[in-house]
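Novice: One file is attached below, entry-v7.tsv, containing TSV, C-alpha atoms.
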```tsv
chain	number	residue	atom	x	y	z
A	1	MET	CA	165.66	34.93	36.51
A	2	THR	CA	169.25	33.75	36.69
A	3	SER	CA	169.98	30.31	38.09
A	4	SER	CA	171.25	31.86	41.34
A	5	SER	CA	168.14	34.01	41.79
A	6	THR	CA	165.91	31.04	40.97
A	7	SER	CA	167.73	29.02	43.62
A	8	HIS	CA	167.28	31.89	46.08
A	9	VAL	CA	163.53	32.00	45.41
A	10	PHE	CA	163.21	28.24	45.95
A	11	SER	CA	165.19	28.23	49.20
A	12	ALA	CA	163.22	31.21	50.56
A	13	LEU	CA	159.73	30.12	49.50
A	14	ALA	CA	159.91	26.31	49.68
A	15	PRO	CA	158.90	26.36	53.38
A	16	TYR	CA	155.71	28.11	52.26
A	17	GLY	CA	154.88	25.56	49.54
A	18	TRP	CA	156.72	26.88	46.49
A	19	ASP	CA	157.51	24.13	43.97
A	20	GLU	CA	158.35	23.55	40.31
A	21	ALA	CA	154.70	23.74	39.26
A	22	TRP	CA	154.27	27.18	40.89
A	23	ALA	CA	157.53	28.30	39.25
A	24	ASP	CA	156.15	27.29	35.85
A	25	GLU	CA	152.95	29.28	36.51
A	26	PHE	CA	155.00	32.32	37.47
A	27	ALA	CA	157.41	32.08	34.51
A	28	PRO	CA	155.46	34.51	32.21
A	29	TYR	CA	155.91	37.30	34.79
A	30	GLU	CA	159.69	36.89	35.21
A	31	PRO	CA	160.68	39.16	32.28
A	32	GLU	CA	158.86	42.07	33.95
A	33	GLY	CA	161.00	41.75	37.09
A	34	LEU	CA	157.96	40.93	39.24
A	35	LEU	CA	158.22	38.79	42.36
A	36	PRO	CA	156.25	35.74	43.52
A	37	GLY	CA	154.94	35.83	47.06
A	38	ARG	CA	152.51	33.92	49.24
A	39	VAL	CA	149.73	35.89	50.89
A	40	VAL	CA	149.91	35.43	54.65
A	41	ARG	CA	147.22	37.95	55.57
A	42	VAL	CA	144.66	40.22	53.86
A	43	ASP	CA	143.41	43.31	55.64
A	44	ARG	CA	141.38	46.28	54.32
A	45	GLY	CA	142.61	46.45	50.76
A	46	GLN	CA	146.16	45.49	51.58
A	47	CYS	CA	147.99	42.26	52.23
A	48	ASP	CA	151.18	40.88	53.74
A	49	LEU	CA	153.20	38.54	51.54
A	50	VAL	CA	156.28	36.45	52.15
A	51	THR	CA	158.70	36.76	49.23
A	52	ALA	CA	162.32	35.85	48.54
A	53	GLU	CA	163.11	39.45	49.56
A	54	GLY	CA	161.34	39.10	52.90
A	55	LEU	CA	157.90	40.07	54.22
A	56	MET	CA	156.21	42.77	52.15
A	57	ARG	CA	153.10	44.92	52.44
A	58	ALA	CA	151.23	45.51	49.18
A	59	ASP	CA	148.05	47.12	47.91
A	60	THR	CA	145.42	44.80	46.37
A	61	ALA	CA	143.57	47.43	44.31
A	62	PHE	CA	144.46	45.70	41.03
A	63	VAL	CA	142.91	42.40	42.23
A	64	THR	CA	139.64	43.60	43.76
A	65	PRO	CA	136.99	42.73	41.15
A	66	PRO	CA	133.22	42.85	41.79
A	67	ASP	CA	133.18	39.06	42.03
A	68	PRO	CA	134.06	38.16	45.67
A	69	MET	CA	135.24	34.75	44.47
A	70	ARG	CA	138.15	36.41	42.66
A	71	VAL	CA	139.47	38.64	45.42
A	72	LEU	CA	142.88	37.96	46.87
A	73	CYS	CA	142.82	35.70	49.92
A	74	THR	CA	145.16	34.07	52.41
A	75	GLY	CA	147.06	31.21	50.79
A	76	ASP	CA	147.14	32.73	47.30
A	77	TRP	CA	150.42	32.88	45.38
A	78	ALA	CA	150.57	36.47	44.22
A	79	VAL	CA	152.56	38.39	41.61
A	80	VAL	CA	153.86	41.54	43.29
A	81	GLU	CA	155.85	44.57	42.22
A	82	PRO	CA	159.44	44.60	43.55
A	83	ALA	CA	159.22	48.26	44.58
A	84	GLY	CA	156.88	51.21	44.75
A	85	ASN	CA	155.04	53.39	47.21
A	86	PRO	CA	152.57	51.91	47.44
A	87	ARG	CA	153.67	48.53	46.09
A	88	TYR	CA	150.91	46.67	44.20
A	89	VAL	CA	149.88	43.06	43.73
A	90	ARG	CA	149.35	42.63	39.99
A	91	THR	CA	147.47	39.31	40.03
A	92	TYR	CA	147.54	35.87	41.60
A	93	LEU	CA	148.45	32.48	40.16
A	94	PRO	CA	145.64	30.01	39.33
A	95	ARG	CA	144.40	28.35	42.50
A	96	ARG	CA	144.78	24.61	43.00
A	97	THR	CA	142.08	24.46	45.65
A	98	ALA	CA	139.77	26.97	47.32
A	99	PHE	CA	137.65	26.75	50.46
A	100	VAL	CA	134.40	28.63	49.81
A	101	ARG	CA	131.22	29.21	51.80
A	102	SER	CA	128.11	31.21	50.97
A	103	THR	CA	127.78	34.64	52.52
A	104	SER	CA	124.99	35.60	54.87
A	105	SER	CA	123.82	38.28	52.43
A	106	LYS	CA	120.81	37.90	50.17
A	107	ARG	CA	122.97	38.37	47.07
A	108	SER	CA	123.81	34.65	46.89
A	109	GLU	CA	127.54	35.23	46.73
A	110	GLY	CA	130.38	32.94	47.67
A	111	GLN	CA	133.09	33.94	50.13
A	112	ILE	CA	136.53	32.43	49.67
A	113	LEU	CA	138.19	31.66	53.00
A	114	ALA	CA	141.53	30.14	51.98
A	115	ALA	CA	143.33	29.05	48.80
A	116	ASN	CA	145.78	26.35	47.79
A	117	VAL	CA	145.01	24.13	50.78
A	118	ASP	CA	146.00	20.45	50.98
A	119	HIS	CA	144.41	19.51	54.32
A	120	ALA	CA	141.33	20.95	56.04
A	121	ILE	CA	141.26	20.33	59.79
A	122	VAL	CA	137.75	20.55	61.26
A	123	ALA	CA	138.28	21.25	64.96
A	124	VAL	CA	135.43	20.05	67.19
A	125	SER	CA	135.38	20.60	70.95
A	126	LEU	CA	134.57	17.69	73.26
A	127	ALA	CA	133.64	20.22	75.94
A	128	VAL	CA	130.11	20.39	74.52
A	129	GLU	CA	127.67	17.94	72.97
A	130	LEU	CA	128.67	16.89	69.47
A	131	ASP	CA	126.76	18.57	66.64
A	132	LEU	CA	127.07	15.90	63.96
A	133	GLY	CA	125.10	17.93	61.44
A	134	ARG	CA	127.56	20.83	61.71
A	135	ILE	CA	130.47	18.44	61.27
A	136	GLU	CA	128.85	17.12	58.08
A	137	ARG	CA	128.41	20.68	56.85
A	138	PHE	CA	132.10	21.52	57.41
A	139	LEU	CA	133.14	18.29	55.72
A	140	ALA	CA	131.00	18.99	52.65
A	141	LEU	CA	132.76	22.32	52.16
A	142	ALA	CA	136.16	20.75	52.82
A	143	TRP	CA	135.65	17.96	50.26
A	144	GLU	CA	134.30	20.46	47.73
A	145	SER	CA	137.41	22.61	48.14
A	146	GLY	CA	139.65	19.83	46.87
A	147	ALA	CA	141.46	19.43	50.19
A	148	GLN	CA	141.63	16.28	52.33
A	149	PRO	CA	139.54	16.83	55.48
A	150	VAL	CA	140.60	15.67	58.94
A	151	VAL	CA	138.35	15.87	62.01
A	152	VAL	CA	140.22	16.75	65.20
A	153	LEU	CA	138.31	16.29	68.46
A	154	THR	CA	139.90	18.78	70.85
A	155	LYS	CA	139.94	18.95	74.66
A	156	ALA	CA	139.99	15.15	74.96
A	157	ASP	CA	141.19	15.56	78.56
A	158	LEU	CA	137.62	16.64	79.43
A	159	VAL	CA	136.40	13.09	78.61
A	160	PRO	CA	138.49	10.94	80.99
A	161	ASP	CA	136.34	7.82	80.54
A	162	ALA	CA	137.89	5.77	77.73
A	163	VAL	CA	134.61	4.02	76.84
A	164	THR	CA	132.73	7.31	76.50
A	165	LEU	CA	135.51	8.77	74.38
A	166	SER	CA	135.49	5.69	72.15
A	167	HIS	CA	131.73	6.06	71.57
A	168	LEU	CA	132.13	9.74	70.66
A	169	VAL	CA	134.88	8.92	68.18
A	170	GLN	CA	132.73	6.18	66.66
A	171	ASP	CA	129.81	8.61	66.24
A	172	VAL	CA	132.07	11.02	64.35
A	173	GLU	CA	133.62	8.27	62.24
A	174	THR	CA	130.11	7.21	61.16
A	175	THR	CA	129.43	10.85	60.28
A	176	ALA	CA	132.70	11.21	58.38
A	177	PRO	CA	133.28	8.18	56.12
A	178	GLY	CA	136.78	8.18	54.63
A	179	VAL	CA	137.98	10.95	56.94
A	180	PRO	CA	140.65	10.49	59.64
A	181	VAL	CA	139.30	11.28	63.12
A	182	LEU	CA	141.89	12.27	65.74
A	183	THR	CA	141.49	13.02	69.44
A	184	VAL	CA	143.91	15.54	70.91
A	185	SER	CA	144.51	17.38	74.14
A	186	ALA	CA	146.70	20.46	74.14
A	187	LEU	CA	146.74	20.20	77.95
A	188	ASP	CA	148.50	16.84	78.22
A	189	GLY	CA	149.78	16.45	74.64
A	190	GLU	CA	147.59	13.46	73.74
A	191	GLY	CA	147.44	12.81	69.98
A	192	LEU	CA	149.52	15.85	69.03
A	193	ASP	CA	152.32	13.75	67.50
A	194	VAL	CA	149.88	12.31	64.96
A	195	LEU	CA	148.47	15.75	64.19
A	196	VAL	CA	151.96	17.19	63.67
A	197	ALA	CA	152.67	14.41	61.18
A	198	VAL	CA	149.47	15.24	59.26
A	199	VAL	CA	150.21	18.95	58.92
A	200	SER	CA	153.93	18.58	58.19
A	201	GLY	CA	153.28	18.20	54.46
A	202	GLY	CA	151.59	20.91	52.41
A	203	THR	CA	149.19	23.61	53.52
A	204	THR	CA	146.57	23.04	56.22
A	205	VAL	CA	143.59	25.26	57.03
A	206	LEU	CA	142.18	25.17	60.56
A	207	LEU	CA	138.38	25.44	60.71
A	208	GLY	CA	135.73	25.32	63.39
A	209	GLN	CA	133.42	27.29	65.64
A	210	SER	CA	134.61	29.76	68.25
A	211	GLY	CA	135.70	27.88	71.35
A	212	ALA	CA	136.72	24.76	69.42
A	213	GLY	CA	140.33	25.23	70.50
A	214	LYS	CA	141.75	26.27	67.11
A	215	SER	CA	144.07	28.97	68.43
A	216	THR	CA	145.37	26.67	71.14
A	217	LEU	CA	146.06	24.01	68.50
A	218	ALA	CA	147.80	26.59	66.33
A	219	ASN	CA	150.05	27.63	69.20
A	220	VAL	CA	150.98	24.02	69.94
A	221	LEU	CA	151.76	23.27	66.28
A	222	ILE	CA	153.77	26.46	65.83
A	223	GLY	CA	155.61	25.98	69.10
A	224	GLU	CA	154.95	29.43	70.52
A	225	ASP	CA	152.03	31.59	71.63
A	226	VAL	CA	151.49	33.56	68.43
A	227	MET	CA	147.70	33.32	68.61
A	228	ALA	CA	145.83	34.80	71.57
A	229	VAL	CA	143.73	32.32	73.53
A	230	GLN	CA	140.57	33.14	75.46
A	231	ALA	CA	138.82	30.90	77.96
A	232	ALA	CA	135.57	29.30	76.86
A	233	ARG	CA	132.38	30.15	78.74
A	234	ASP	CA	131.55	27.59	81.40
A	235	ALA	CA	127.85	27.65	80.51
A	236	ASP	CA	128.10	26.31	76.97
A	237	GLY	CA	131.78	25.76	76.24
A	238	LYS	CA	131.74	28.44	73.53
A	239	GLY	CA	134.46	31.03	73.17
A	240	ARG	CA	134.64	34.48	71.69
A	241	HIS	CA	136.36	35.15	68.37
A	242	THR	CA	140.04	34.86	69.26
A	243	THR	CA	141.26	34.98	65.66
A	244	THR	CA	139.73	37.83	63.64
A	245	THR	CA	141.69	37.42	60.40
A	246	ARG	CA	143.03	34.51	58.40
A	247	ASN	CA	146.75	34.10	59.01
A	248	LEU	CA	149.27	31.87	57.24
A	249	LEU	CA	152.21	30.59	59.29
A	250	ALA	CA	155.12	28.28	58.47
A	251	LEU	CA	155.42	25.36	60.90
A	252	PRO	CA	158.77	24.42	62.46
A	253	GLY	CA	158.35	20.76	61.51
A	254	GLY	CA	157.45	21.58	57.90
A	255	GLY	CA	154.18	22.56	56.29
A	256	VAL	CA	152.06	25.70	56.46
A	257	LEU	CA	149.06	26.47	58.67
A	258	ILE	CA	146.19	28.87	57.93
A	259	ASP	CA	144.20	29.73	61.05
A	260	THR	CA	140.72	31.15	60.52
A	261	PRO	CA	138.24	33.04	62.71
A	262	GLY	CA	135.53	30.98	64.35
A	263	LEU	CA	132.72	30.48	61.85
A	264	ARG	CA	129.21	31.04	63.18
A	265	GLY	CA	127.59	30.39	59.82
A	266	VAL	CA	128.76	27.69	57.44
A	267	GLY	CA	126.56	27.97	54.37
A	268	LEU	CA	127.11	25.67	51.43
A	269	TRP	CA	128.26	27.13	48.13
A	270	ASP	CA	127.63	24.89	45.11
A	271	ALA	CA	128.91	21.89	47.07
A	272	GLU	CA	127.10	19.00	45.38
A	273	THR	CA	130.26	16.92	45.04
A	274	GLY	CA	131.24	17.61	48.65
A	275	VAL	CA	127.82	16.60	49.97
A	276	GLY	CA	127.99	13.41	47.94
A	277	GLN	CA	131.40	12.62	49.42
A	278	VAL	CA	130.20	13.18	53.00
A	279	PHE	CA	127.22	10.89	52.45
A	280	SER	CA	129.01	8.41	50.21
A	281	GLU	CA	127.25	5.44	51.78
A	282	ILE	CA	123.83	6.94	50.93
A	283	GLU	CA	124.85	7.61	47.34
A	284	ALA	CA	126.18	4.05	47.07
A	285	LEU	CA	122.84	2.71	48.33
A	286	ALA	CA	120.93	5.05	46.00
A	287	ALA	CA	122.67	3.43	43.04
A	288	GLN	CA	120.90	0.19	44.02
A	289	CYS	CA	117.39	1.70	44.11
A	290	ARG	CA	114.86	0.34	41.61
A	291	PHE	CA	114.26	3.79	40.13
A	292	HIS	CA	117.16	6.02	39.11
A	293	ASP	CA	115.29	9.16	40.27
A	294	CYS	CA	114.25	7.65	43.60
A	295	ALA	CA	113.62	10.34	46.26
A	296	HIS	CA	114.07	7.81	49.10
A	297	GLU	CA	110.69	8.68	50.61
A	298	SER	CA	108.16	5.91	49.88
A	299	GLU	CA	109.16	4.44	46.52
A	300	PRO	CA	109.14	0.64	46.17
A	301	GLY	CA	112.54	-0.97	45.86
A	302	CYS	CA	114.34	1.89	47.64
A	303	ALA	CA	117.66	0.57	48.90
A	304	VAL	CA	118.16	3.62	51.15
A	305	LEU	CA	114.90	3.09	53.04
A	306	ALA	CA	115.66	-0.62	53.29
A	307	ALA	CA	119.01	0.23	54.91
A	308	ILE	CA	117.21	2.41	57.45
A	309	ASP	CA	114.70	-0.35	58.22
A	310	SER	CA	117.52	-2.83	58.78
A	311	GLY	CA	119.47	-0.44	61.00
A	312	GLU	CA	122.38	-0.26	58.56
A	313	LEU	CA	121.81	3.46	57.97
A	314	PRO	CA	120.86	5.89	60.78
A	315	GLU	CA	117.75	7.89	59.92
A	316	ARG	CA	119.52	11.04	61.13
A	317	ARG	CA	122.03	10.65	58.30
A	318	LEU	CA	119.31	10.57	55.66
A	319	GLU	CA	117.60	13.64	57.14
A	320	SER	CA	120.89	15.53	57.21
A	321	TYR	CA	121.62	14.46	53.62
A	322	ARG	CA	118.23	15.75	52.47
A	323	LYS	CA	118.73	19.04	54.30
A	324	LEU	CA	122.12	19.75	52.75
A	325	ILE	CA	120.97	18.70	49.29
A	326	ARG	CA	117.99	21.08	49.51
A	327	GLU	CA	120.17	23.91	50.77
A	328	ASN	CA	122.70	23.38	48.01
A	329	GLN	CA	119.97	23.30	45.37
A	330	ARG	CA	118.61	26.62	46.66
A	331	ILE	CA	121.99	28.36	46.51
A	332	VAL	CA	122.67	26.99	43.02
A	333	ALA	CA	119.23	28.13	41.86
A	334	LYS	CA	119.86	31.62	43.25
A	335	THR	CA	123.25	31.74	41.61
A	336	ASP	CA	121.81	30.68	38.26
A	337	ALA	CA	119.05	33.27	38.62
A	338	ARG	CA	121.61	35.96	39.33
A	339	LEU	CA	123.62	34.87	36.31
A	340	ARG	CA	120.50	34.95	34.12
A	341	SER	CA	119.71	38.45	35.42
A	342	GLU	CA	123.22	39.63	34.60
A	343	ILE	CA	122.97	38.14	31.11
A	344	ARG	CA	119.61	39.88	30.56
A	345	LYS	CA	121.10	43.20	31.67
A	346	GLU	CA	124.00	42.71	29.29
A	347	TRP	CA	121.61	41.89	26.44
A	348	LYS	CA	119.55	44.99	27.24
A	349	LYS	CA	122.67	47.14	27.35
A	350	ARG	CA	123.87	45.79	24.00
A	351	GLY	CA	120.39	46.28	22.55
A	352	GLU	CA	120.33	49.92	23.63
A	353	VAL	CA	123.77	50.50	22.12
A	354	GLY	CA	122.63	48.85	18.86
A	355	LYS	CA	119.44	50.89	18.82
A	356	ALA	CA	121.36	54.14	19.33
A	357	ALA	CA	123.78	53.23	16.54
A	358	MET	CA	120.89	52.46	14.19
A	359	GLU	CA	119.17	55.77	14.97
A	360	ALA	CA	122.45	57.60	14.32
A	361	LYS	CA	122.71	55.94	10.92
A	362	ARG	CA	119.13	56.88	10.06
A	363	GLY	CA	119.91	60.48	11.02
A	364	ARG	CA	122.79	60.50	8.56
A	365	TRP	CA	120.62	58.97	5.83
A	366	ALA	CA	117.83	61.50	6.26
```
Let me see the file written as structure tokens.
Specialist:
Amino acid sequence: MTSSSTSHVFSALAPYGWDEAWADEFAPYEPEGLLPGRVVRVDRGQCDLVTAEGLMRADTAFVTPPDPMRVLCTGDWAVVEPAGNPRYVRTYLPRRTAFVRSTSSKRSEGQILAANVDHAIVAVSLAVELDLGRIERFLALAWESGAQPVVVLTKADLVPDAVTLSHLVQDVETTAPGVPVLTVSALDGEGLDVLVAVVSGGTTVLLGQSGAGKSTLANVLIGEDVMAVQAARDADGKGRHTTTTRNLLALPGGGVLIDTPGLRGVGLWDAETGVGQVFSEIEALAAQCRFHDCAHESEPGCAVLAAIDSGELPERRLESYRKLIRENQRIVAKTDARLRSEIRKEWKKRGEVGKAAMEAKRGRWA
């Protein structure tokens, strides 16, 4: 690229997160005349990208491998052809972070939800009873992704009593050590200034269940009603899926937002580090146990059980920790088993090829 074209790329893509490091990653593709672009939406084998030449539609056939972890996703920086009918995405630049959950299938695969994310907002509605275990699950995936999680308690106007609201915030803060916890109300604007400041730098992904108020938050942050909003059911405060695809949008105050569909299932995917971060106080206590392989069940000298007896650690936290650890171990074991099966198939295939080659040689010798 010439200096003028490089300057044009920076001015056009900087609002979407383009920087010197991304430019260096893209440099090998410059001689081919290819363009960098950020994926703003993926839909049925095609994607929309924002490039220095404007918004483009491209085919993703070249980047649709069998491994679902390597498919193109919202937030990726892609390498796209400048012209063509159809125009193709050639590849994508190495991801800095990736938010991944396990699929509901029995094939023990991971599903990538968003890439190159700096902040992960976990939206939790105050219209219903807090599900602390679900918050911990979201946080484990957020920490594992490499992003900084933030818990946003939405619909704060539905809890007018300040003391009650304070207790709810404290419960979440205990559940989310090291994570900022914000209360916001899109109705009266409470807490939105702080949230805007958080998302104004880098890329933020918006996560949560249906009815958590994600689309309403997105509209407030963007400054216009770009996301449809549906009323939550009175019976349980849950909403229907308002957002059905992952969309990337530049914010007027700076930063980029990725809105996601409401997630019914949030399965862990090899999230050992994330689980450890969520339950950092338990892991710190475990380091003080008499035995390094303490299971925190009935062993003598267990610092974790001592903390429960003294009231320092809620028993619910330990039960949740055990549950997520077991779940993560199961998915890792399945993944390893699948890998071993693939290796065995490859060995068998190579063995058959070798056997056929040997028989061919013998035929020539006969």
Novice: Go through A:Ala98, A:Leu207, A:Ala115, A:Cys302 and flag the residue nearest Val151 (chain A), using only C-alpha atoms for the distances.
Specialist: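 Residue with the minimum atom-to-atom distance to Val151 (chain A): A:Leu207.
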Novice: So that I can see what lies close to Phe279 (chain A), please list as a PyMOL selection string the residues with an atom at most 9 Å from it, counting only C-alpha atoms and leaving out residues fewer than 2 positions away in the same chain.
Specialist: chain A and resi 136+140+175-177+274-277+281-284+317-318+321
Novice: Looking at all atoms listed in the file, which of A:Thr97, A:Thr60, A:Gln148, A:Thr51 is the one that sits closest to Ala120 (chain A)?
Specialist: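 Residue with the minimum atom-to-atom distance to Ala120 (chain A): A:Gln148.
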Novice: Counting all atoms listed in the file, which of A:Leu49, A:Ala147, A:Ile222, A:Ile325 gets nearest to Asp118 (chain A)?
Specialist: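 Nearest candidate to Asp118 (chain A) out of A:Leu49, A:Ala147, A:Ile222, A:Ile325: A:Ala147.
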Novice: Which neighbours of region 297-300 of chain A fall inside 12 Å, counting only C-alpha atoms, when residues of the same chain fewer than 4 positions from it are skipped, and could you give them as a list of chain:residue names?
Specialist: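 Non-adjacent residues within range: A:Ala286, A:Gln288, A:Cys289, A:Arg290, A:Phe291, A:His292, A:Asp293, A:Val304, A:Leu305, A:Ala306, A:Ile308, A:Glu315, A:Leu318, A:Glu319, A:Arg322.
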Novice: Go through A:Val278, A:Leu221, A:Thr273, A:Val63 and flag the residue nearest Pro252 (chain A), using only C-alpha atoms for the distances.
Specialist: A:Leu221
Novice: Identify which of the residues A:Asp19, A:Glu81, A:Asp67, A:Asp76 lies closest to Val39 (chain A), counting all atoms listed in the file when measuring atom-to-atom distances.
Specialist: A:Asp76
Novice: Between A:Leu130, A:Glu327, A:Asp193, A:Gly178, which residue has the minimum interatomic distance to Leu165 (chain A), considering only C-alpha atoms?
Specialist: A:Leu130
Novice: How would you write as a PyMOL selection string the residues that get within 12 Å of (147.7, 15.0, 62.4) in the file's frame, counting all atoms listed in the file?
Specialist: chain A and resi 119-123+148-153+179-184+190-201+204+206+217+221+255
Novice: Please save C-alpha atoms of the selected residues as a compact mmCIF listing (two decimals), keeping the file's coordinate frame.
Specialist:
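Ended up saving to again00.txt:
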```
# COMPACT_ATOMS: atom_id res chain seq x y z
CA HIS A 119 144.41 19.51 54.32
CA ALA A 120 141.33 20.95 56.04
CA ILE A 121 141.26 20.33 59.79
CA VAL A 122 137.75 20.55 61.26
CA ALA A 123 138.28 21.25 64.96
CA GLN A 148 141.63 16.28 52.33
CA PRO A 149 139.54 16.83 55.48
CA VAL A 150 140.60 15.67 58.94
CA VAL A 151 138.35 15.87 62.01
CA VAL A 152 140.22 16.75 65.20
CA LEU A 153 138.31 16.29 68.46
CA VAL A 179 137.98 10.95 56.94
CA PRO A 180 140.65 10.49 59.64
CA VAL A 181 139.30 11.28 63.12
CA LEU A 182 141.89 12.27 65.74
CA THR A 183 141.49 13.02 69.44
CA VAL A 184 143.91 15.54 70.91
CA GLU A 190 147.59 13.46 73.74
CA GLY A 191 147.44 12.81 69.98
CA LEU A 192 149.52 15.85 69.03
CA ASP A 193 152.32 13.75 67.50
CA VAL A 194 149.88 12.31 64.96
CA LEU A 195 148.47 15.75 64.19
CA VAL A 196 151.96 17.19 63.67
CA ALA A 197 152.67 14.41 61.18
CA VAL A 198 149.47 15.24 59.26
CA VAL A 199 150.21 18.95 58.92
CA SER A 200 153.93 18.58 58.19
CA GLY A 201 153.28 18.20 54.46
CA THR A 204 146.57 23.04 56.22
CA LEU A 206 142.18 25.17 60.56
CA LEU A 217 146.06 24.01 68.50
CA LEU A 221 151.76 23.27 66.28
CA GLY A 255 154.18 22.56 56.29
```
Novice: Tell me, as a PyMOL selection string, which residues lie within 7 Å of Leu257 (chain A), counting only C-alpha atoms; anything in the same chain fewer than 2 positions away does not count.
Specialist: chain A and resi 203-205+248-251+255+259
Novice: Identify, on the basis of all atoms listed in the file, every residue whose closest approach to Leu34 (chain A) does not exceed 9 Å; exclude the query and any residue fewer than 5 positions from it along the same chain; express the result as a ChimeraX atom specification.
Specialist: /A:29,79-82,90
Novice: Just write the chosen residues, C-alpha atoms, as an mmCIF file, in the coordinates of the input.
Specialist:
```cif
data_model
loop_
_atom_site.group_PDB
_atom_site.id
_atom_site.type_symbol
_atom_site.label_atom_id
_atom_site.label_comp_id
_atom_site.auth_asym_id
_atom_site.auth_seq_id
_atom_site.Cartn_x
_atom_site.Cartn_y
_atom_site.Cartn_z
ATOM 1 C CA TYR A 29 155.910 37.300 34.790
ATOM 2 C CA VAL A 79 152.560 38.390 41.610
ATOM 3 C CA VAL A 80 153.860 41.540 43.290
ATOM 4 C CA GLU A 81 155.850 44.570 42.220
ATOM 5 C CA PRO A 82 159.440 44.600 43.550
ATOM 6 C CA ARG A 90 149.350 42.630 39.990
#
```
Novice: May I have the residues at most 6 Å from (137.9, 29.0, 49.9) in the file's coordinates, counting only C-alpha atoms, as a PDB file with C-alpha atoms, keeping the file's coordinate frame?
Specialist:
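Once written, out-v6.pdb looks like this:
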```
ATOM      1  CA  ALA A  98     139.770  26.970  47.320  1.00  0.00           C
ATOM      2  CA  PHE A  99     137.650  26.750  50.460  1.00  0.00           C
ATOM      3  CA  VAL A 100     134.400  28.630  49.810  1.00  0.00           C
ATOM      4  CA  ILE A 112     136.530  32.430  49.670  1.00  0.00           C
ATOM      5  CA  LEU A 113     138.190  31.660  53.000  1.00  0.00           C
ATOM      6  CA  ALA A 114     141.530  30.140  51.980  1.00  0.00           C
ATOM      7  CA  ALA A 115     143.330  29.050  48.800  1.00  0.00           C
TER       8      ALA A 115
END
```
Novice: Can you measure CA of Arg134 (chain A) to CA of Val172 (chain A) for me? One decimal in Å is fine.
Specialist: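 Between these atoms lies a distance of 11.1 Å.
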